[in-house]
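*Asks:* Structure file start11.txt (compact mmCIF, C-alpha atoms and all ligand atoms) right here:
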# COMPACT_ATOMS: atom_id res chain seq x y z
CA MET C 1 -99.73 27.14 1.35
CA THR C 2 -102.07 27.05 -1.63
CA THR C 3 -103.89 23.82 -2.33
CA ASN C 4 -103.08 22.43 -5.74
CA LYS C 5 -106.51 21.76 -7.16
CA ASN C 6 -105.11 19.15 -9.53
CA ASP C 7 -103.81 17.07 -6.65
CA GLU C 8 -106.95 17.23 -4.60
CA PHE C 9 -108.55 14.28 -2.95
CA HIS C 10 -106.74 11.25 -4.29
CA THR C 11 -108.10 9.14 -1.47
CA SER C 12 -111.74 8.59 -0.58
CA LYS C 13 -113.54 11.52 1.03
CA LEU C 14 -113.91 9.93 4.45
CA ASP C 15 -110.30 8.65 4.58
CA CYS C 16 -109.11 12.09 3.66
CA GLU C 17 -111.17 13.76 6.38
CA LEU C 18 -110.27 11.19 9.04
CA ASN C 19 -106.58 11.56 8.19
CA SER C 20 -106.86 15.28 8.83
CA ILE C 21 -108.12 14.67 12.39
CA GLU C 22 -105.56 14.56 15.19
CA TYR C 23 -107.87 13.50 18.03
CA ALA C 24 -111.57 13.17 18.83
CA TYR C 25 -112.47 13.85 22.46
CA ALA C 26 -115.72 12.37 23.78
CA LEU C 27 -117.59 13.78 26.77
CA PRO C 28 -119.24 11.16 29.05
CA ASP C 29 -122.80 12.01 27.94
CA ALA C 30 -121.83 11.51 24.26
CA LEU C 31 -120.81 7.89 24.83
CA GLY C 32 -123.02 5.14 23.45
CA TYR C 33 -124.39 7.21 20.56
CA ASP C 34 -123.89 5.65 17.10
CA ILE C 35 -121.80 8.56 15.87
CA THR C 36 -119.51 8.49 18.88
CA GLU C 37 -118.96 4.77 18.49
CA ARG C 38 -118.15 5.20 14.80
CA PHE C 39 -115.50 7.78 15.67
CA ARG C 40 -114.09 5.36 18.25
CA LYS C 41 -113.96 2.58 15.65
CA TYR C 42 -112.32 4.63 12.91
CA LEU C 43 -109.90 6.67 15.00
CA GLY C 44 -108.65 3.92 17.34
CA SER C 45 -105.96 5.41 19.58
CA ARG C 46 -106.86 8.92 18.39
CA PHE C 47 -110.22 8.62 20.22
CA ILE C 48 -109.99 9.94 23.78
CA ASN C 49 -112.54 9.83 26.60
CA ILE C 50 -112.65 12.95 28.76
CA ASN C 51 -114.61 13.82 31.88
CA SER C 52 -115.27 17.46 31.09
CA THR C 53 -114.22 20.21 28.67
CA GLU C 54 -111.57 21.19 31.22
CA ASP C 55 -109.63 18.12 30.10
CA LEU C 56 -109.35 19.47 26.55
CA PRO C 57 -105.95 20.66 25.33
CA TYR C 58 -105.39 24.41 24.93
CA PHE C 59 -104.21 25.45 21.46
CA GLY C 60 -103.80 29.18 22.15
CA ASN C 61 -99.99 28.96 22.17
CA ASP C 62 -99.82 26.92 18.99
CA GLU C 63 -98.40 28.43 15.80
CA ASP C 64 -101.84 28.23 14.16
CA PRO C 65 -104.57 27.70 16.81
CA ILE C 66 -107.33 27.83 14.18
CA LEU C 67 -105.81 24.92 12.26
CA LYS C 68 -105.47 22.95 15.50
CA LYS C 69 -109.15 23.61 16.28
CA LYS C 70 -110.07 22.33 12.83
CA ARG C 71 -108.07 19.13 13.33
CA ASN C 72 -109.49 18.21 16.71
CA ILE C 73 -113.06 17.17 17.39
CA LEU C 74 -115.22 17.38 20.47
CA LEU C 75 -118.06 14.85 20.55
CA CYS C 76 -120.85 16.24 22.70
CA LEU C 77 -124.60 16.71 23.00
CA LYS C 78 -126.62 19.66 21.79
CA HIS C 79 -129.45 20.89 23.95
CA SER C 80 -132.55 22.66 22.70
CA PRO C 81 -133.11 24.70 20.55
CA TYR C 82 -132.19 22.35 17.72
CA LEU C 83 -133.66 24.56 15.04
CA GLU C 84 -132.47 28.16 15.14
CA PRO C 85 -133.02 31.27 13.06
CA CYS C 86 -130.05 32.17 10.88
CA PRO C 87 -128.09 34.71 12.95
CA GLY C 88 -128.34 37.22 10.06
CA THR C 89 -126.79 40.59 10.78
CA LYS C 90 -128.06 43.77 12.46
CA ASN C 91 -129.72 46.39 10.22
CA TYR C 92 -129.65 44.25 7.05
CA LEU C 93 -132.34 42.04 5.55
CA CYS C 94 -132.30 38.34 6.34
CA CYS C 95 -134.23 35.73 4.34
CA GLY C 96 -135.90 33.87 7.21
CA TYR C 97 -133.68 30.81 6.89
CA LYS C 98 -133.35 28.30 9.72
CA ILE C 99 -130.17 26.49 10.66
CA MET C 100 -129.27 23.24 12.37
CA SER C 101 -125.76 23.28 13.78
CA ILE C 102 -125.09 19.58 14.09
CA VAL C 103 -121.45 20.08 13.19
CA GLU C 104 -119.76 23.38 14.12
CA GLY C 105 -116.41 23.80 12.40
CA CYS C 106 -114.92 22.86 9.09
CA HIS C 107 -111.86 21.05 7.71
CA MET C 108 -111.68 23.38 4.71
CA ASP C 109 -109.88 26.67 5.24
CA CYS C 110 -111.09 29.83 3.56
CA SER C 111 -109.29 33.10 4.28
CA TYR C 112 -112.57 35.00 4.63
CA CYS C 113 -114.25 32.37 6.84
CA ILE C 114 -116.07 34.15 9.59
CA LEU C 115 -115.86 31.04 11.77
CA GLN C 116 -112.19 31.81 12.45
CA GLY C 117 -113.24 34.60 14.76
CA TYR C 118 -116.85 33.66 15.39
CA LEU C 119 -116.88 30.27 17.03
CA ASN C 120 -115.85 30.60 20.61
CA ALA C 121 -115.25 26.87 20.91
CA PRO C 122 -112.13 24.98 21.89
CA MET C 123 -112.32 22.88 18.71
CA THR C 124 -114.70 21.54 16.02
CA ARG C 125 -117.86 20.30 17.66
CA VAL C 126 -119.92 17.32 16.51
CA HIS C 127 -123.29 17.01 18.24
CA VAL C 128 -124.01 13.30 18.34
CA ASN C 129 -127.68 13.34 19.42
CA ILE C 130 -129.14 13.59 15.93
CA LYS C 131 -132.33 11.88 17.04
CA ASP C 132 -133.15 14.99 19.10
CA TYR C 133 -132.81 17.16 15.99
CA GLU C 134 -135.07 14.75 14.09
CA ASN C 135 -137.70 14.87 16.84
CA ALA C 136 -137.61 18.68 16.85
CA LEU C 137 -138.06 18.78 13.07
CA ASN C 138 -140.93 16.29 13.06
CA ASN C 139 -142.66 18.27 15.83
CA ALA C 140 -142.22 21.59 14.03
CA PHE C 141 -143.44 20.28 10.67
CA MET C 142 -146.42 18.42 12.10
CA SER C 143 -147.56 21.24 14.36
CA ASN C 144 -147.28 23.87 11.61
CA PRO C 145 -148.46 22.18 8.41
CA ASP C 146 -149.17 25.53 6.73
CA LYS C 147 -145.76 26.98 7.40
CA SER C 148 -142.82 26.60 5.02
CA TYR C 149 -139.39 25.85 6.39
CA ARG C 150 -136.04 26.29 4.65
CA ILE C 151 -133.45 24.63 6.80
CA GLY C 152 -129.76 23.97 6.26
CA THR C 153 -126.72 22.49 7.95
CA GLY C 154 -124.14 24.61 6.11
CA GLU C 155 -124.08 27.76 8.20
CA LEU C 156 -121.44 26.87 10.79
CA ALA C 157 -119.78 24.09 8.80
CA ASP C 158 -119.45 22.68 5.33
CA SER C 159 -122.55 20.44 5.23
CA LEU C 160 -120.56 17.49 3.90
CA PHE C 161 -117.72 17.47 6.45
CA LEU C 162 -117.52 13.92 7.88
CA ASP C 163 -120.95 13.34 6.39
CA GLU C 164 -120.45 9.67 5.58
CA LEU C 165 -119.40 9.03 9.17
CA THR C 166 -122.14 11.06 10.88
CA GLY C 167 -124.87 10.13 8.36
CA VAL C 168 -126.42 13.59 8.92
CA SER C 169 -127.36 14.37 5.31
CA GLU C 170 -128.73 10.90 4.63
CA ARG C 171 -130.95 11.04 7.71
CA MET C 172 -132.15 14.56 6.94
CA ILE C 173 -132.82 13.76 3.29
CA HIS C 174 -134.94 10.82 4.40
CA LEU C 175 -136.83 12.89 7.01
CA PHE C 176 -137.53 15.85 4.70
CA SER C 177 -138.72 13.52 1.93
CA ASN C 178 -141.85 12.95 4.05
CA TYR C 179 -142.91 16.60 4.17
CA ASN C 180 -144.11 18.88 1.43
CA ASN C 181 -143.94 22.11 3.40
CA SER C 182 -140.21 22.09 3.94
CA ILE C 183 -136.89 21.87 2.21
CA PHE C 184 -133.48 20.77 3.40
CA GLU C 185 -130.44 22.54 1.99
CA ILE C 186 -126.97 21.06 1.89
CA LYS C 187 -124.34 23.78 1.32
CA THR C 188 -120.87 22.75 0.30
CA LYS C 189 -117.62 23.47 -1.51
CA ASP C 190 -116.97 19.76 -1.88
CA HIS C 191 -117.55 17.72 -5.01
CA ARG C 192 -117.71 14.31 -3.36
CA ILE C 193 -121.43 13.60 -3.17
CA GLU C 194 -121.49 9.97 -4.29
CA HIS C 195 -123.01 8.85 -0.97
CA LEU C 196 -126.10 11.01 -1.67
CA LEU C 197 -126.80 10.07 -5.25
CA ASN C 198 -128.98 7.01 -4.76
CA LEU C 199 -131.10 8.25 -1.87
CA ASP C 200 -134.87 8.64 -2.03
CA HIS C 201 -135.08 12.44 -1.61
CA ASN C 202 -138.50 13.16 -3.12
CA ARG C 203 -137.11 16.52 -4.39
CA ARG C 204 -137.25 17.90 -0.83
CA THR C 205 -133.49 18.46 -0.66
CA ILE C 206 -131.49 21.13 -2.45
CA ILE C 207 -127.80 20.55 -2.89
CA SER C 208 -126.13 23.93 -3.14
CA TRP C 209 -122.60 24.88 -4.03
CA SER C 210 -120.79 27.97 -2.91
CA LEU C 211 -119.05 29.19 -6.03
CA ASN C 212 -116.30 31.60 -6.78
CA THR C 213 -113.88 32.32 -9.60
CA PRO C 214 -110.95 29.89 -10.11
CA ARG C 215 -108.56 32.65 -9.06
CA ILE C 216 -110.34 33.21 -5.72
CA ILE C 217 -110.73 29.47 -5.14
CA ASN C 218 -106.99 28.95 -5.63
CA LEU C 219 -105.94 31.90 -3.51
CA GLU C 220 -108.51 32.01 -0.76
CA GLU C 221 -110.18 28.62 -0.36
CA ARG C 222 -107.74 25.97 0.88
CA ARG C 223 -108.74 22.33 0.74
CA THR C 224 -111.91 22.97 -1.23
CA SER C 225 -112.82 21.41 -4.58
CA SER C 226 -112.05 23.21 -7.82
CA LEU C 227 -114.79 25.07 -9.69
CA LYS C 228 -114.75 22.38 -12.38
CA LYS C 229 -115.34 19.61 -9.84
CA ARG C 230 -118.08 21.55 -8.02
CA LEU C 231 -119.94 22.09 -11.28
CA GLU C 232 -119.51 18.45 -12.32
CA ALA C 233 -120.91 17.45 -8.93
CA ALA C 234 -123.88 19.79 -9.49
CA ALA C 235 -124.54 18.03 -12.80
CA ALA C 236 -124.39 14.64 -11.05
CA ALA C 237 -126.80 15.88 -8.36
CA GLU C 238 -129.17 17.13 -11.05
CA GLN C 239 -128.94 13.76 -12.76
CA ALA C 240 -129.95 12.17 -9.46
CA GLY C 241 -133.04 14.39 -9.40
CA TYR C 242 -132.00 16.89 -6.75
CA LYS C 243 -132.90 20.55 -6.92
CA LEU C 244 -129.84 22.79 -7.04
CA GLY C 245 -128.75 26.05 -5.46
CA PHE C 246 -125.70 28.26 -5.94
CA HIS C 247 -124.25 30.83 -3.59
CA PHE C 248 -121.86 33.51 -4.78
CA ASP C 249 -120.81 34.53 -1.34
CA PRO C 250 -118.46 36.26 -0.97
CA LEU C 251 -118.25 38.12 -4.25
CA ILE C 252 -114.77 39.60 -4.26
CA ASP C 253 -113.75 42.79 -6.00
CA TYR C 254 -110.42 42.54 -7.85
CA SER C 255 -109.05 43.69 -11.13
CA GLY C 256 -110.70 41.48 -13.75
CA TRP C 257 -113.59 40.25 -11.57
CA GLU C 258 -116.18 41.04 -14.26
CA LYS C 259 -114.72 38.68 -16.83
CA ASP C 260 -114.11 35.94 -14.28
CA TYR C 261 -117.54 36.00 -12.60
CA GLU C 262 -119.32 36.19 -15.94
CA GLU C 263 -117.37 33.12 -17.01
CA VAL C 264 -118.48 31.24 -13.88
CA VAL C 265 -122.15 31.99 -14.64
CA LYS C 266 -121.60 30.89 -18.23
CA ARG C 267 -120.06 27.64 -16.99
CA ILE C 268 -123.10 26.93 -14.79
CA SER C 269 -125.29 27.25 -17.89
CA LYS C 270 -123.18 24.67 -19.72
CA GLN C 271 -123.36 22.19 -16.88
CA VAL C 272 -126.95 22.20 -15.56
CA ASN C 273 -130.49 22.97 -16.67
CA PRO C 274 -131.60 26.32 -15.13
CA GLU C 275 -135.03 24.81 -14.51
CA ASN C 276 -133.51 22.77 -11.71
CA ILE C 277 -131.91 25.76 -10.00
CA CYS C 278 -134.04 26.70 -7.02
CA TRP C 279 -132.14 29.85 -6.10
CA ILE C 280 -128.90 31.75 -6.42
CA SER C 281 -127.74 34.06 -3.66
CA LEU C 282 -125.29 36.94 -3.89
CA GLY C 283 -123.33 38.52 -1.07
CA CYS C 284 -120.33 40.82 -1.30
CA LEU C 285 -117.37 40.25 0.99
CA ARG C 286 -118.12 41.35 4.56
CA PHE C 287 -116.68 40.43 7.91
CA PRO C 288 -116.25 41.71 11.45
CA PRO C 289 -113.04 43.75 11.88
CA LEU C 290 -111.73 41.17 14.35
CA LEU C 291 -111.22 38.83 11.38
CA TRP C 292 -108.46 41.00 9.85
CA PRO C 293 -105.62 39.69 12.05
CA TYR C 294 -106.59 36.09 11.22
CA ILE C 295 -106.54 36.82 7.51
CA ARG C 296 -103.23 38.70 7.68
CA ASN C 297 -101.48 36.05 9.76
CA ARG C 298 -102.93 32.92 8.23
CA PHE C 299 -103.24 33.98 4.58
CA PRO C 300 -100.34 36.34 3.83
CA SER C 301 -100.86 36.03 0.06
CA SER C 302 -104.59 36.81 0.31
CA LYS C 303 -105.96 39.38 -2.10
CA LEU C 304 -108.85 40.39 0.12
CA TYR C 305 -107.01 43.56 1.15
CA LEU C 306 -107.26 44.89 -2.37
CA GLY C 307 -110.79 46.23 -2.00
CA GLU C 308 -111.86 49.58 -0.56
CA PHE C 309 -113.96 49.26 2.55
CA ILE C 310 -116.40 51.01 4.85
CA ARG C 311 -117.80 50.06 8.23
CA GLY C 312 -121.40 48.87 7.60
CA LEU C 313 -124.46 49.48 9.76
CA ASP C 314 -123.77 46.18 11.51
CA GLY C 315 -120.17 47.14 12.30
CA LYS C 316 -118.84 44.76 9.64
CA THR C 317 -116.31 45.70 7.02
CA ARG C 318 -118.00 45.97 3.61
CA TYR C 319 -117.30 47.35 0.15
CA PHE C 320 -118.59 50.82 -0.69
CA LYS C 321 -122.23 50.91 -1.76
CA THR C 322 -121.35 51.81 -5.35
CA ILE C 323 -119.10 48.74 -5.66
CA ARG C 324 -121.71 46.45 -4.14
CA THR C 325 -124.46 47.79 -6.39
CA HIS C 326 -122.26 47.36 -9.44
CA MET C 327 -121.33 43.79 -8.54
CA TYR C 328 -124.90 42.73 -7.76
CA SER C 329 -126.44 44.26 -10.85
CA ALA C 330 -123.73 42.81 -13.09
CA MET C 331 -124.22 39.35 -11.59
CA LYS C 332 -127.99 39.55 -11.99
CA LYS C 333 -127.58 40.62 -15.61
CA TRP C 334 -125.28 37.66 -16.40
CA ILE C 335 -127.56 35.23 -14.55
CA GLN C 336 -130.54 36.41 -16.59
CA GLU C 337 -128.54 36.32 -19.81
CA TYR C 338 -127.10 32.82 -19.40
CA LEU C 339 -129.61 31.11 -17.11
CA GLY C 340 -132.83 32.92 -17.93
CA LYS C 341 -135.17 35.22 -16.06
CA ASN C 342 -136.91 32.50 -14.07
CA VAL C 343 -133.96 31.72 -11.82
CA PHE C 344 -134.60 33.38 -8.46
CA VAL C 345 -131.70 35.58 -7.36
CA TYR C 346 -131.54 37.13 -3.91
CA LEU C 347 -129.15 39.20 -1.84
CA CYS C 348 -127.80 37.79 1.39
CA MET C 349 -127.68 40.19 4.34
CA GLU C 350 -128.03 43.38 2.34
CA SER C 351 -129.87 46.63 2.92
CA GLU C 352 -133.28 47.61 1.60
CA LEU C 353 -131.48 50.32 -0.37
CA GLU C 354 -129.25 47.76 -2.06
CA TRP C 355 -132.29 45.74 -3.19
CA GLN C 356 -133.59 48.92 -4.71
CA ASN C 357 -130.32 50.08 -6.27
CA ALA C 358 -129.16 46.75 -7.66
CA PHE C 359 -132.43 44.94 -8.37
CA ASP C 360 -134.87 47.83 -8.66
CA ILE C 361 -137.11 46.33 -5.98
CA ASN C 362 -138.74 48.90 -3.72
CA ALA C 363 -139.52 48.57 -0.02
CA CYS C 364 -138.04 45.11 0.25
CA THR C 365 -138.63 43.40 3.60
CA MET C 366 -137.59 40.16 5.21
CA GLU C 367 -141.19 38.93 4.83
CA LYS C 368 -141.13 39.58 1.07
CA ILE C 369 -137.79 37.82 0.55
CA SER C 370 -138.88 34.97 2.75
CA SER C 371 -142.17 34.54 0.93
CA CYS C 372 -140.46 34.55 -2.52
CA LEU C 373 -138.05 31.87 -1.37
CA ASP C 374 -140.81 29.83 0.24
CA ASN C 375 -142.69 29.92 -3.07
CA ARG C 376 -139.68 28.28 -4.72
CA ILE C 377 -140.09 25.16 -2.60
S1 LIG C 401 -116.06 26.02 3.53
FE1 LIG C 401 -117.33 27.56 4.60
S2 LIG C 401 -117.25 26.92 6.77
FE2 LIG C 401 -115.56 25.90 5.70
S3 LIG C 401 -113.77 27.21 5.95
FE3 LIG C 401 -114.73 27.77 4.00
S4 LIG C 401 -116.16 29.46 4.52
FE4 LIG C 401 -115.59 28.43 6.44
Would you kindly transcribe this structure into structure tokens?

*Replies:*
Amino acid sequence: MTTNKNDEFHTSKLDCELNSIEYAYALPDALGYDITERFRKYLGSRFININSTEDLPYFGNDEDPILKKKRNILLCLKHSPYLEPCPGTKNYLCCGYKIMSIVEGCHMDCSYCILQGYLNAPMTRVHVNIKDYENALNNAFMSNPDKSYRIGTGELADSLFLDELTGVSERMIHLFSNYNNSIFEIKTKDHRIEHLLNLDHNRRTIISWSLNTPRIINLEERRTSSLKKRLEAAAAAEQAGYKLGFHFDPLIDYSGWEKDYEEVVKRISKQVNPENICWISLGCLRFPPLLWPYIRNRFPSSKLYLGEFIRGLDGKTRYFKTIRTHMYSAMKKWIQEYLGKNVFVYLCMESELEWQNAFDINACTMEKISSCLDNRI
């Protein structure tokens, strides 16, 4: 099934998301928390108390277990650490990003989503003890005033999934607004950001959109917003004073990609002022081989097969080096042409050699990337 982007989201964001949920299961220690009680209120008979995770249903025999996992929620507590380094990938350069996995799982459904094979969880998890995350952040920021932190909630979820119900972004935006050494990044493919527009963010939050070409969005990204709506939302966020980010990840190689990706960059330039773009990341399609069966079974019309692949140094399937270099250098050229040379562009989980080949930067290290990004905040 391909989502018709013209029909998307006729109802409000929260109604739409709640309608997609079959059941929320609450563990005993999650009871009494605000978030848990809001789920109870909104879901009524679809809210179920359980004694332990052994009481959870098993979806392994279902026609599409991944979809079932997306549609069912486990309300539970997260124990320390609350702030974790981005898992990155072996033998490739990471950018020193930190993640907070308050929600783990996503209602959107992208063919290439690594979470399909990555999350070893019975269903989508919502950690309800947000206060513990807030305490951990306050402690980290106050004890290390000279350190810069870039922290996001969009690594194991779309940052805006159930966001009005959980209040995660609003609380984080408020907390980060008090610190000048840190920045909070919301990463999303959703355009519905109205609930964030009037908050006092003090420019300490970046709202970032993952972008792709309309063709890839239609074929590979079910239940996400169209490119047009994402860019309109970026303009609204800019209007509300937020800094912006864009992530072209994954870049996908197909016949005609050059024209399509160039057009996307051109469309960014028509919608927002490049001065407000904090960073743009690029990452070519890559995934662990165990993802192939999920893609084949769940997305039979996917075009991801069309590329030529190698096994990378981290064991993941990647495009040949020549293809990656070509895609990265072309993207950088278009970004500089349409958005100017001051927009910071970086590669996500790439090799030192790729930084050299595509960007002509020698001896690139995680520390260098990290320091360039920290200087942007
Ligand atoms: S939006 Fe991100 S987290 Fe959600 S399905 Fe797509 S790739 Fe996965």

*Asks:* Given the choices C:Leu282, C:Lys70, C:Asn212, C:Pro293, which gets closest to Trp257 in chain C if the distance is worked out from only C-alpha atoms?

*Replies:* C:Asn212

*Asks:* Could you work out how far CA of Gln271 in chain C lies from CA of Asp200 in chain C, giving the answer in Å with one decimal?

*Replies:*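 Straight-line distance from CA of Asp200 in chain C to CA of Gln271 in chain C works out to 23.2 Å.
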
*Asks:* Mind checking which residues fall within 9 Å of range 238-240 of chain C, counting all atoms listed in the file, ignoring those fewer than 3 positions away in the same chain, and posting them as JSON, numbers by chain?

*Replies:* {"C": [196, 197, 198, 199, 207, 233, 234, 235, 243, 244, 272, 273, 276]}

*Asks:* Counting only C-alpha atoms, which residues in range 238-285 of chain C sit no more than 12 Å from range 305-324 of chain C? For each one, give the nearest pair of atoms and the distance in Å, sorted by chain then residue number, as a tab-separated table.

*Replies:*
residue	atom	partner	partner_atom	distance
C:Pro250	CA	C:Arg318	CA	10.7
C:Leu251	CA	C:Arg324	CA	9.0
C:Ile252	CA	C:Gly307	CA	8.1
C:Asp253	CA	C:Gly307	CA	6.0
C:Tyr254	CA	C:Leu306	CA	6.7
C:Ser255	CA	C:Leu306	CA	9.0
C:Trp257	CA	C:Gly307	CA	11.6
C:Glu258	CA	C:Ile323	CA	11.9
C:Leu282	CA	C:Arg324	CA	10.2
C:Gly283	CA	C:Arg324	CA	8.7
C:Cys284	CA	C:Arg324	CA	6.5
C:Leu285	CA	C:Arg318	CA	6.3

*Asks:* Residues up to 9 Å from ligand LIG 401 (chain C), counting all atoms listed in the file: could you list those as a tab-separated table (two decimals) with C-alpha atoms, in the frame of the given file?

*Replies:*
chain	number	residue	atom	x	y	z
C	104	GLU	CA	-119.76	23.38	14.12
C	105	GLY	CA	-116.41	23.80	12.40
C	106	CYS	CA	-114.92	22.86	9.09
C	107	HIS	CA	-111.86	21.05	7.71
C	108	MET	CA	-111.68	23.38	4.71
C	109	ASP	CA	-109.88	26.67	5.24
C	110	CYS	CA	-111.09	29.83	3.56
C	111	SER	CA	-109.29	33.10	4.28
C	112	TYR	CA	-112.57	35.00	4.63
C	113	CYS	CA	-114.25	32.37	6.84
C	114	ILE	CA	-116.07	34.15	9.59
C	115	LEU	CA	-115.86	31.04	11.77
C	116	GLN	CA	-112.19	31.81	12.45
C	154	GLY	CA	-124.14	24.61	6.11
C	155	GLU	CA	-124.08	27.76	8.20
C	156	LEU	CA	-121.44	26.87	10.79
C	157	ALA	CA	-119.78	24.09	8.80
C	158	ASP	CA	-119.45	22.68	5.33
C	159	SER	CA	-122.55	20.44	5.23
C	161	PHE	CA	-117.72	17.47	6.45
C	187	LYS	CA	-124.34	23.78	1.32
C	188	THR	CA	-120.87	22.75	0.30
C	189	LYS	CA	-117.62	23.47	-1.51
C	190	ASP	CA	-116.97	19.76	-1.88
C	210	SER	CA	-120.79	27.97	-2.91
C	220	GLU	CA	-108.51	32.01	-0.76
C	221	GLU	CA	-110.18	28.62	-0.36
C	222	ARG	CA	-107.74	25.97	0.88
C	223	ARG	CA	-108.74	22.33	0.74
C	224	THR	CA	-111.91	22.97	-1.23

*Asks:* Ranking C:Leu27, C:Leu211, C:Val126, C:Ser12 by minimum distance to Ser52 in chain C and counting all atoms listed in the file, which one comes first?

*Replies:*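 Closest to Ser52 in chain C, using all atoms listed in the file: C:Leu27.
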
*Asks:* Would you list the contacts of Thr153 in chain C as a short mmCIF file (atom, residue, chain, number, x, y, z; two decimals) with C-alpha atoms, in the coordinates of the input, taking every protein, DNA or RNA residue within 12 Å and counting only C-alpha atoms, but skipping same-chain residues closer than 6 positions in sequence?

*Replies:*
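And here is the file that came out, around35.cif:
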data_model
loop_
_atom_site.label_atom_id
_atom_site.label_comp_id
_atom_site.auth_asym_id
_atom_site.auth_seq_id
_atom_site.Cartn_x
_atom_site.Cartn_y
_atom_site.Cartn_z
CA TYR C 82 -132.19 22.35 17.72
CA LEU C 83 -133.66 24.56 15.04
CA GLU C 84 -132.47 28.16 15.14
CA PRO C 85 -133.02 31.27 13.06
CA CYS C 86 -130.05 32.17 10.88
CA TYR C 97 -133.68 30.81 6.89
CA LYS C 98 -133.35 28.30 9.72
CA ILE C 99 -130.17 26.49 10.66
CA MET C 100 -129.27 23.24 12.37
CA SER C 101 -125.76 23.28 13.78
CA ILE C 102 -125.09 19.58 14.09
CA VAL C 103 -121.45 20.08 13.19
CA GLU C 104 -119.76 23.38 14.12
CA GLY C 105 -116.41 23.80 12.40
CA CYS C 106 -114.92 22.86 9.09
CA TYR C 133 -132.81 17.16 15.99
CA SER C 159 -122.55 20.44 5.23
CA LEU C 160 -120.56 17.49 3.90
CA PHE C 161 -117.72 17.47 6.45
CA ASP C 163 -120.95 13.34 6.39
CA VAL C 168 -126.42 13.59 8.92
CA SER C 169 -127.36 14.37 5.31
CA MET C 172 -132.15 14.56 6.94
CA ILE C 173 -132.82 13.76 3.29
CA ILE C 183 -136.89 21.87 2.21
CA PHE C 184 -133.48 20.77 3.40
CA GLU C 185 -130.44 22.54 1.99
CA ILE C 186 -126.97 21.06 1.89
CA LYS C 187 -124.34 23.78 1.32
CA THR C 188 -120.87 22.75 0.30
CA THR C 205 -133.49 18.46 -0.66
CA ILE C 206 -131.49 21.13 -2.45
CA ILE C 207 -127.80 20.55 -2.89
CA SER C 208 -126.13 23.93 -3.14
#

*Asks:* Which residue out of C:Trp334, C:Tyr33, C:Phe299, C:Tyr25 has the minimum interatomic distance to Asn49 in chain C when all atoms listed in the file are used?

*Replies:*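 Distance minimum relative to Asn49 in chain C lands on C:Tyr25.
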
*Asks:* Restricting the calculation to only C-alpha atoms: of C:Gly167, C:Gly117, C:Gly88, C:Gly96, which residue gets closest to Ile295 in chain C?

*Replies:*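 Result for the nearest residue to Ile295 in chain C: C:Gly117.
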